[in-house]
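One structure below.
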Amino acid sequence: LKLQFLYFIGVMTFDVGPAGHAKALYSTYLGGRAMVQPYLSVTFHDKGLSTSAIGFLLAGAPLCVAVCGPLWTLAADVTSNPVKLFAVSAIVSFPSMVLYALPGLEVSIVGVIGYFFAQAAHFPLVDRLAVALTERNSLDWGKQRMWGTIAWAVGVPLAGLIYDSNNDWVRAIPPAVYALSLALSTLIMQRDVFTVCQEEATGGFTASSLSEIKKVLWDFKVIVFLLVVTSVTTGIHLVFVYVYLHLEDLGASRLLMGFSTAMGMASEIPLLAVSEAVMKRVGISGMVFISCMAQSVRFYFYALLKTPGYVLFIEPLHGIAFAFAWSAAMTYVTKISPTGTRSTMMGILSCLTWGVGPLIGTALGGLVYDGVGAPAFFGGFATYLLVIAVFYAVVENPFAQITRQLAPETDTPELLVNEEHGPSVDQELHSLSSQQNEENEGPGPTPHDLSPTIDSTTVDPTTADHEN
């Protein structure tokens, strides 16, 4: 608590610049959330809930993200005030954390439901403002986001030490830290650098914006991209719920659980820092394919885990899975968003990646986990990820994209057109970005903008670049 106050006072007192404010927002919010989110399953397990009941209860988190997340972000676009929407969601969180921290099971369930409802707004709105800030000031988003990862890596093991206590009032400290982090995040958003970005992020929402969003989302390659990223993030959610239970069955302490998560978070830091450079080399399709394969290998290792301490060697794969998938998703969704709808598109991305996918995985995961055991459960999901990665490779051919990006530079266009499957996702975004730079006031992209091969016309990449 003292560290959070000192950090907040420093940010609000000194001119730390746009980069400092972006780092402050991510580290304050994610550092507080790290004290609560990873320990929900073991907290309710200690209060007497079965694994299946925990699975269905914690399915409320992705359910709220799936249902309420797009509504929160749509309201942010319509009102042109995402900061106010974040403040409202923070106010809802305060009494929820009080109820969650109380010893009784019933009141804790009510509290965690309120927490789920409020946090559905947090991630997309924080990401939206941070992306707008980094775009406006030509900053590397990954290098700002990694400070949130650092705060998470510090917060999780500290919370593990606290949760190992048998004193209920001591266990109330993490929810209090999370509530404080929301209050401080709201105050940081009041700074001028975020006020300007808020205006730029939300202007231009019109009556036709929803139909433009629909056109974008019905494009086949957009659907495939979202399917793969959602599968990767579903795996991240399953780790929070079921890996901790698996470790507990193997005799692990809460401190080891905290350090395992810290190892995973620490692996994000260098990968987020270099994500933009890697994306320039292998393209968005290469980033997504690598992340899905890394997640598959990670779950195969969970299936083979017998000694809990070895989990520390598995968790670094999380950095590849999350950093590459989410960096690619931020870039992709930002580019395909119609004018004035970026908050809504971020909400839809969160709806799928942290809502629909984890909802299905968590709800069914408890039944499968109890029915077939941990090894079969983790091995089955690893196989699913492998199949999804192969399917994505067939659609986007990331191998050709990676080969082209790693080859010596020539006079040909930088982004590859796959002759068999049509333009790659990177070629589409390159062309789309050029069009939007010329027509900032024009309508949002259509499926034709995203997939030039829909009308079966042949695209000459050299001519397309010249025309753009």
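Chain labels follow the order of the structure tokens: the first chain is A, the next B, and so on; residue numbering restarts at 1 in every chain, and ligands are counted from 1 in their shown order.
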Using only C-alpha atoms, find each residue of segment 347-399 of chain A with at least one atom at most 10 Å away from an atom of segment 110-131 of chain A; report its shortest atom-to-atom pair and that distance in Å (one decimal), sort the rows by chain and rising residue number, and return the result as a tab-separated table.
residue	atom	partner	partner_atom	distance
A:Gly347	CA	A:Pro124	CA	5.5
A:Ile348	CA	A:Pro124	CA	8.8
A:Leu349	CA	A:Pro124	CA	8.2
A:Ser350	CA	A:Pro124	CA	6.4
A:Cys351	CA	A:Ala120	CA	8.5
A:Trp354	CA	A:Ala120	CA	8.9
A:Gly355	CA	A:Ala120	CA	8.7
Item to complete: Considering only C-alpha atoms, return as a list in words whatever protein or nucleic-acid residues lie within 6 Å of segment 176-186 of chain A, sequence-local ones (same chain, fewer than 4 positions apart) excluded.
Response: Leu25, Thr28, Tyr29, Gly32, Arg33, Ala87, Ala90 and Phe94 of chain A
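Compared by their closest atoms to Met346 of chain A, and using only C-alpha atoms, the residues A:Ser165, A:Ser267, A:Ser253, A:Thr73 rank with A:Thr73 nearest.
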Per residue of segment 206-286 of chain A within 12 Å of segment 299-305 of chain A, note the shortest atom pair and the distance in Å to one decimal, counting only C-alpha atoms, and order the rows by chain and increasing residue number, as a Markdown table.
| residue | atom | partner | partner_atom | distance |
| --- | --- | --- | --- | --- |
| A:Val232 | CA | A:Phe299 | CA | 10.9 |
| A:Thr234 | CA | A:Phe299 | CA | 11.8 |
| A:Gly235 | CA | A:Phe299 | CA | 8.2 |
| A:Ile236 | CA | A:Phe299 | CA | 10.1 |
| A:Leu238 | CA | A:Phe299 | CA | 10.0 |
| A:Val239 | CA | A:Phe299 | CA | 9.0 |
| A:Tyr242 | CA | A:Tyr302 | CA | 10.4 |
| A:Val243 | CA | A:Tyr302 | CA | 7.8 |
| A:Tyr244 | CA | A:Tyr302 | CA | 11.1 |
| A:Leu245 | CA | A:Tyr302 | CA | 12.0 |
| A:His246 | CA | A:Tyr302 | CA | 9.0 |
| A:Leu247 | CA | A:Leu305 | CA | 9.1 |
| A:Asp249 | CA | A:Leu305 | CA | 11.5 |
| A:Leu250 | CA | A:Leu305 | CA | 9.2 |
With N, CA and C atoms kept, could you save the residues just selected as a PDB file, in the first residue's frame?
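As a result, out.pdb now contains:
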ATOM      1  N   VAL A 232      -5.782 -19.219 -27.730  1.00  0.00           N
ATOM      2  CA  VAL A 232      -4.583 -18.986 -26.923  1.00  0.00           C
ATOM      3  C   VAL A 232      -4.956 -18.366 -25.581  1.00  0.00           C
ATOM      4  N   THR A 234      -7.829 -18.463 -24.072  1.00  0.00           N
ATOM      5  CA  THR A 234      -8.594 -19.432 -23.273  1.00  0.00           C
ATOM      6  C   THR A 234      -7.641 -20.301 -22.462  1.00  0.00           C
ATOM      7  N   GLY A 235      -6.538 -20.685 -23.078  1.00  0.00           N
ATOM      8  CA  GLY A 235      -5.534 -21.458 -22.356  1.00  0.00           C
ATOM      9  C   GLY A 235      -4.974 -20.690 -21.178  1.00  0.00           C
ATOM     10  N   ILE A 236      -4.759 -19.383 -21.334  1.00  0.00           N
ATOM     11  CA  ILE A 236      -4.264 -18.562 -20.226  1.00  0.00           C
ATOM     12  C   ILE A 236      -5.258 -18.571 -19.074  1.00  0.00           C
ATOM     13  N   LEU A 238      -7.504 -20.923 -18.418  1.00  0.00           N
ATOM     14  CA  LEU A 238      -7.527 -22.261 -17.823  1.00  0.00           C
ATOM     15  C   LEU A 238      -6.350 -22.466 -16.868  1.00  0.00           C
ATOM     16  N   VAL A 239      -5.223 -21.841 -17.160  1.00  0.00           N
ATOM     17  CA  VAL A 239      -4.064 -21.933 -16.262  1.00  0.00           C
ATOM     18  C   VAL A 239      -4.413 -21.345 -14.904  1.00  0.00           C
ATOM     19  N   TYR A 242      -7.213 -24.017 -13.324  1.00  0.00           N
ATOM     20  CA  TYR A 242      -6.994 -25.449 -13.122  1.00  0.00           C
ATOM     21  C   TYR A 242      -5.547 -25.840 -12.853  1.00  0.00           C
ATOM     22  N   VAL A 243      -4.581 -25.051 -13.296  1.00  0.00           N
ATOM     23  CA  VAL A 243      -3.192 -25.400 -12.989  1.00  0.00           C
ATOM     24  C   VAL A 243      -2.928 -25.244 -11.495  1.00  0.00           C
ATOM     25  N   TYR A 244      -3.494 -24.214 -10.891  1.00  0.00           N
ATOM     26  CA  TYR A 244      -3.333 -24.053  -9.451  1.00  0.00           C
ATOM     27  C   TYR A 244      -3.951 -25.233  -8.691  1.00  0.00           C
ATOM     28  N   LEU A 245      -5.112 -25.693  -9.146  1.00  0.00           N
ATOM     29  CA  LEU A 245      -5.727 -26.857  -8.502  1.00  0.00           C
ATOM     30  C   LEU A 245      -4.860 -28.095  -8.692  1.00  0.00           C
ATOM     31  N   HIS A 246      -4.281 -28.246  -9.877  1.00  0.00           N
ATOM     32  CA  HIS A 246      -3.395 -29.377 -10.152  1.00  0.00           C
ATOM     33  C   HIS A 246      -2.163 -29.315  -9.249  1.00  0.00           C
ATOM     34  N   LEU A 247      -1.592 -28.129  -9.107  1.00  0.00           N
ATOM     35  CA  LEU A 247      -0.429 -27.973  -8.237  1.00  0.00           C
ATOM     36  C   LEU A 247      -0.780 -28.263  -6.778  1.00  0.00           C
ATOM     37  N   ASP A 249      -3.081 -30.339  -5.757  1.00  0.00           N
ATOM     38  CA  ASP A 249      -3.192 -31.803  -5.650  1.00  0.00           C
ATOM     39  C   ASP A 249      -1.818 -32.469  -5.567  1.00  0.00           C
ATOM     40  N   LEU A 250      -0.821 -31.829  -6.185  1.00  0.00           N
ATOM     41  CA  LEU A 250       0.541 -32.372  -6.154  1.00  0.00           C
ATOM     42  C   LEU A 250       1.307 -31.962  -4.899  1.00  0.00           C
TER      43      LEU A 250
END
Using backbone DSSP assignments, extract all alpha helix (DSSP H) residues from segment 286-400 of chain A; output them as an MDAnalysis selection string.
-> chainID A and resid 286:304 311:314 317:336 342:351 357:372 374:396 398:400
